[in-house]
Amino acid sequence: MILHIHQTSADASRALAERILQIARNTPGLVNIALSGGNTPAQLFRMWASEYGDCTPWERIRFFWVDERCVPPEDAESNYGMTKRNLLDLAPIPPENVFRIHGENDPDSEAIRYAEQAGRLIPSAVFDIVLLGIGEDGHTASIFPGQETLLTAAHMYAVGVHPTSGQRRVTLTGQPLIKASCLCFLAAGRSKRNVLAELSALSGSGPAIWVARNALHPVELFIDAEAGALLRDQPNL
Ligand code: 6PG
């Protein structure tokens with residue numbers, strides 16, 4: 001596991017934006033990136049567009065989603081909507097390079113449709129970059145504790161269910177997650193300190209730790225000092 005710990009969430013986001021650019025520069029041809037939603041990535045997306053927009057090869061990057069809430073794109077809950085506001089509308093990204101999950105569709109049908117589309121566009125089912133967040137309960141993507149069967153599901157995408165809201169979500173499943181060429185977690189804030197301590201030590205259970213433990217390549221953590229407060233041997237920042 002490769003730890004990138006920074007004093008602030010802005011610094012952690014900037015470091016991740018630069019890592020993404022480094023990968024894009026070193027990847028010949030098309031770069032397939034799968035983005036997570038939630039709140040944390042918004043800062044990364046805005047920074048990527050504003051500070052690195054001029055040096056990003058947007059024409060070579062194809063945008064997919066790790067997961068999507070089963071709501072219309074204009075819904076406040078939509079991961080695509082959040083990405084559109086913070087990145088897609090702020091950078092010269094060719095619309096033909098954006099492959100959103102249709103949250104407005106029937107979840108089971110959409111999981112099949114999107115898996116077929118992603119599988120056609122990425123026959124290896126290996127994303128160049130997968131950006132993940134982590135919940136305090138140890139979930140990642142939309143794979144929640146108790147739904148670990150999604151980690152070994154046969155298809156690239158499946159339907160997860162938020163344990164408290166019951167909201168259904170189309171999510172990337174475990175096998176394409178762990179096969180990613182570069183798997184990056186981005187986390188910030190005091191509320192994530194316990195789950196980050198477990199993740200960094202690969203101790204405990206939960207979907208995020210299973211993914212990190214089974215990843216084919218070293219997982220990279222981009223976190224701020226608050227989220228990293230309980231990590232052993234935290235470097236002096
Ligand atoms: C989602 C994400 C989810 C998220 C974590 C962290 O659709 O919500 O894919 O896995 O990354 O829940 O969310 P925050 O960034 O809001 O803490």
# chains A, B, ... in the order shown; residues from 1 in each chain; ligands from 1
call {"tool": "select_by_dssp", "arguments": {"residues": "range 11-48 of chain A", "states": "strand (DSSP E)", "output": "PyMOL selection string"}}
result
chain A and resi 31-35
call {"tool": "residues_near_ligand", "arguments": {"ligand": "ligand 1", "cutoff": "9 Å", "atoms": "only C-alpha atoms and all ligand atoms", "output": "ChimeraX atom specification"}}
result
/A:35-42,65-69,77-79,131-144,169,171,185-189,191-192
call {"tool": "residues_around", "arguments": {"residues": "Val31 in chain A", "least_positions_apart": "4", "cutoff": "8 Å", "atoms": "only C-alpha atoms", "output": "list in words"}}
result
Ala24, Thr27, Arg60, Ile61, Arg62, Phe127, Asp128 and Ile129 of chain A
call {"tool": "atom_distance", "arguments": {"atom1": "CA of Leu16 in chain A", "atom2": "CA of Pro28 in chain A"}}
result
19.8 Å
call {"tool": "closest_residue", "arguments": {"among": "A:Gln43, A:Ser50, A:Ser9, A:Thr173", "to": "Ala115 in chain A", "atoms": "only C-alpha atoms"}}
result
A:Thr173
call {"tool": "residues_around", "arguments": {"residues": "Met156 in chain A", "least_positions_apart": "5", "cutoff": "8 Å", "atoms": "only C-alpha atoms", "output": "PDB file with N, CA and C atoms, in the first residue's frame"}}
result
ATOM      1  N   ALA A 115     -22.643  -2.881 -17.779  1.00  0.00           N
ATOM      2  CA  ALA A 115     -21.585  -3.902 -17.796  1.00  0.00           C
ATOM      3  C   ALA A 115     -21.260  -4.285 -19.240  1.00  0.00           C
ATOM      4  N   GLY A 119     -17.766  -3.446 -20.841  1.00  0.00           N
ATOM      5  CA  GLY A 119     -17.025  -4.623 -21.306  1.00  0.00           C
ATOM      6  C   GLY A 119     -16.674  -4.535 -22.776  1.00  0.00           C
ATOM      7  N   ALA A 125     -11.548  -5.546 -19.163  1.00  0.00           N
ATOM      8  CA  ALA A 125     -12.229  -5.182 -17.898  1.00  0.00           C
ATOM      9  C   ALA A 125     -11.245  -4.613 -16.883  1.00  0.00           C
ATOM     10  N   LEU A 172     -19.662  -1.062  -9.563  1.00  0.00           N
ATOM     11  CA  LEU A 172     -18.601  -1.941 -10.046  1.00  0.00           C
ATOM     12  C   LEU A 172     -18.419  -3.048  -9.004  1.00  0.00           C
ATOM     13  N   THR A 173     -18.151  -4.241  -9.445  1.00  0.00           N
ATOM     14  CA  THR A 173     -18.036  -5.362  -8.508  1.00  0.00           C
ATOM     15  C   THR A 173     -16.560  -5.643  -8.182  1.00  0.00           C
ATOM     16  N   GLN A 175     -14.191  -7.999  -8.716  1.00  0.00           N
ATOM     17  CA  GLN A 175     -13.106  -8.433  -9.593  1.00  0.00           C
ATOM     18  C   GLN A 175     -12.537  -7.301 -10.431  1.00  0.00           C
ATOM     19  N   PRO A 176     -13.373  -6.495 -11.132  1.00  0.00           N
ATOM     20  CA  PRO A 176     -12.771  -5.362 -11.859  1.00  0.00           C
ATOM     21  C   PRO A 176     -12.131  -4.341 -10.922  1.00  0.00           C
TER      22      PRO A 176
END
call {"tool": "atom_distance", "arguments": {"atom1": "CA of Leu44 in chain A", "atom2": "CA of Leu151 in chain A"}}
result
26.5 Å
call {"tool": "atom_distance", "arguments": {"atom1": "CA of Glu116 in chain A", "atom2": "CA of Ile178 in chain A"}}
result
19.0 Å
call {"tool": "residues_around", "arguments": {"residues": "Ser109 in chain A", "least_positions_apart": "6", "cutoff": "12 Å", "atoms": "only C-alpha atoms", "output": "ChimeraX atom specification"}}
result
/A:70,101-103,115-116,157-159,169-170
call {"tool": "residues_around", "arguments": {"residues": "Glu220 in chain A", "least_positions_apart": "5", "cutoff": "7 Å", "atoms": "only C-alpha atoms", "output": "list of chain:residue names"}}
result
A:Met1, A:Ile2, A:Leu3, A:Leu183, A:Cys184, A:Phe185
call {"tool": "closest_residue", "arguments": {"among": "A:His155, A:Phe222, A:Ser200, A:Leu88", "to": "Glu18 in chain A", "atoms": "only C-alpha atoms"}}
result
A:Phe222
call {"tool": "closest_residue", "arguments": {"among": "A:Arg46, A:Pro57, A:Gln167, A:Leu121", "to": "Lys84 in chain A", "atoms": "only C-alpha atoms"}}
result
A:Arg46
call {"tool": "select_by_dssp", "arguments": {"residues": "range 7-213 of chain A", "states": "alpha helix (DSSP H)", "output": "VMD selection string"}}
result
chain A and resid 9 to 26 41 to 52 79 to 86 107 to 121 174 to 179 193 to 201 207 to 213
call {"tool": "write_last_selection", "arguments": {"atoms": "C-alpha atoms", "output": "PDB file, in the first residue's frame"}}
result
ATOM      1  CA  SER A   9      -7.662  17.691   1.886  1.00  0.00           C
ATOM      2  CA  ALA A  10      -6.765  20.216  -0.831  1.00  0.00           C
ATOM      3  CA  ASP A  11      -3.152  19.035  -0.796  1.00  0.00           C
ATOM      4  CA  ALA A  12      -4.273  15.402  -0.909  1.00  0.00           C
ATOM      5  CA  SER A  13      -6.585  16.163  -3.831  1.00  0.00           C
ATOM      6  CA  ARG A  14      -3.815  18.027  -5.643  1.00  0.00           C
ATOM      7  CA  ALA A  15      -1.454  15.075  -5.164  1.00  0.00           C
ATOM      8  CA  LEU A  16      -4.078  12.732  -6.591  1.00  0.00           C
ATOM      9  CA  ALA A  17      -4.735  15.011  -9.575  1.00  0.00           C
ATOM     10  CA  GLU A  18      -1.005  14.993 -10.310  1.00  0.00           C
ATOM     11  CA  ARG A  19      -0.912  11.180  -9.953  1.00  0.00           C
ATOM     12  CA  ILE A  20      -3.779  10.852 -12.435  1.00  0.00           C
ATOM     13  CA  LEU A  21      -1.925  13.103 -14.881  1.00  0.00           C
ATOM     14  CA  GLN A  22       1.250  11.080 -14.443  1.00  0.00           C
ATOM     15  CA  ILE A  23      -0.647   7.889 -15.276  1.00  0.00           C
ATOM     16  CA  ALA A  24      -2.309   9.519 -18.281  1.00  0.00           C
ATOM     17  CA  ARG A  25       1.055  10.698 -19.600  1.00  0.00           C
ATOM     18  CA  ASN A  26       2.535   7.220 -19.157  1.00  0.00           C
ATOM     19  CA  PRO A  41     -14.116  13.848  -4.904  1.00  0.00           C
ATOM     20  CA  ALA A  42     -15.761  17.235  -5.649  1.00  0.00           C
ATOM     21  CA  GLN A  43     -12.650  19.118  -4.466  1.00  0.00           C
ATOM     22  CA  LEU A  44     -10.393  16.863  -6.532  1.00  0.00           C
ATOM     23  CA  PHE A  45     -12.562  17.345  -9.639  1.00  0.00           C
ATOM     24  CA  ARG A  46     -12.700  21.140  -9.351  1.00  0.00           C
ATOM     25  CA  MET A  47      -8.936  21.295  -8.777  1.00  0.00           C
ATOM     26  CA  TRP A  48      -8.266  18.942 -11.716  1.00  0.00           C
ATOM     27  CA  ALA A  49     -10.311  21.171 -14.018  1.00  0.00           C
ATOM     28  CA  SER A  50      -9.019  24.508 -12.752  1.00  0.00           C
ATOM     29  CA  GLU A  51      -5.341  23.820 -12.021  1.00  0.00           C
ATOM     30  CA  TYR A  52      -4.583  21.033 -14.492  1.00  0.00           C
ATOM     31  CA  ASN A  79     -22.753  10.981  -8.786  1.00  0.00           C
ATOM     32  CA  TYR A  80     -22.821  11.899 -12.462  1.00  0.00           C
ATOM     33  CA  GLY A  81     -24.507  15.185 -11.561  1.00  0.00           C
ATOM     34  CA  MET A  82     -21.820  15.964  -8.980  1.00  0.00           C
ATOM     35  CA  THR A  83     -19.082  15.129 -11.491  1.00  0.00           C
ATOM     36  CA  LYS A  84     -20.774  17.231 -14.181  1.00  0.00           C
ATOM     37  CA  ARG A  85     -20.945  20.285 -11.913  1.00  0.00           C
ATOM     38  CA  ASN A  86     -17.371  19.938 -10.654  1.00  0.00           C
ATOM     39  CA  PRO A 107     -31.311  -0.809 -11.618  1.00  0.00           C
ATOM     40  CA  ASP A 108     -31.064  -4.462 -12.650  1.00  0.00           C
ATOM     41  CA  SER A 109     -31.429  -3.673 -16.364  1.00  0.00           C
ATOM     42  CA  GLU A 110     -28.976  -0.773 -16.102  1.00  0.00           C
ATOM     43  CA  ALA A 111     -26.346  -2.914 -14.363  1.00  0.00           C
ATOM     44  CA  ILE A 112     -26.562  -5.338 -17.296  1.00  0.00           C
ATOM     45  CA  ARG A 113     -26.533  -2.570 -19.901  1.00  0.00           C
ATOM     46  CA  TYR A 114     -23.598  -0.724 -18.346  1.00  0.00           C
ATOM     47  CA  ALA A 115     -21.585  -3.902 -17.796  1.00  0.00           C
ATOM     48  CA  GLU A 116     -22.069  -4.757 -21.492  1.00  0.00           C
ATOM     49  CA  GLN A 117     -21.089  -1.233 -22.557  1.00  0.00           C
ATOM     50  CA  ALA A 118     -18.010  -1.084 -20.308  1.00  0.00           C
ATOM     51  CA  GLY A 119     -17.025  -4.623 -21.306  1.00  0.00           C
ATOM     52  CA  ARG A 120     -17.287  -3.723 -24.990  1.00  0.00           C
ATOM     53  CA  LEU A 121     -15.187  -0.582 -24.544  1.00  0.00           C
ATOM     54  CA  GLY A 174     -15.019  -6.817  -6.755  1.00  0.00           C
ATOM     55  CA  GLN A 175     -13.106  -8.433  -9.593  1.00  0.00           C
ATOM     56  CA  PRO A 176     -12.771  -5.362 -11.859  1.00  0.00           C
ATOM     57  CA  LEU A 177     -12.020  -3.319  -8.746  1.00  0.00           C
ATOM     58  CA  ILE A 178      -9.033  -5.424  -7.726  1.00  0.00           C
ATOM     59  CA  LYS A 179      -7.723  -5.752 -11.292  1.00  0.00           C
ATOM     60  CA  ARG A 193      -9.734   8.210  10.896  1.00  0.00           C
ATOM     61  CA  ASN A 194     -10.860   4.871  12.335  1.00  0.00           C
ATOM     62  CA  VAL A 195     -11.643   3.211   9.024  1.00  0.00           C
ATOM     63  CA  LEU A 196      -8.400   4.572   7.510  1.00  0.00           C
ATOM     64  CA  ALA A 197      -6.388   3.134  10.393  1.00  0.00           C
ATOM     65  CA  GLU A 198      -7.906  -0.278   9.608  1.00  0.00           C
ATOM     66  CA  LEU A 199      -7.454   0.150   5.855  1.00  0.00           C
ATOM     67  CA  SER A 200      -3.815   1.187   6.063  1.00  0.00           C
ATOM     68  CA  ALA A 201      -3.054  -1.790   8.319  1.00  0.00           C
ATOM     69  CA  PRO A 207     -15.505  -4.413   1.496  1.00  0.00           C
ATOM     70  CA  ALA A 208     -12.857  -1.659   1.288  1.00  0.00           C
ATOM     71  CA  ILE A 209     -10.329  -3.745   3.176  1.00  0.00           C
ATOM     72  CA  TRP A 210     -11.140  -6.825   1.081  1.00  0.00           C
ATOM     73  CA  VAL A 211     -10.501  -4.771  -2.067  1.00  0.00           C
ATOM     74  CA  ALA A 212      -7.221  -3.382  -0.721  1.00  0.00           C
ATOM     75  CA  ARG A 213      -6.131  -6.819   0.497  1.00  0.00           C
TER      76      ARG A 213
END
call {"tool": "residues_around", "arguments": {"residues": "Arg190 in chain A", "least_positions_apart": "6", "cutoff": "10 Å", "atoms": "only C-alpha atoms", "output": "list in words"}}
result
Leu196, Asp224, Ala225, Glu226, Ala227, Gly228, Ala229 and Leu230 of chain A
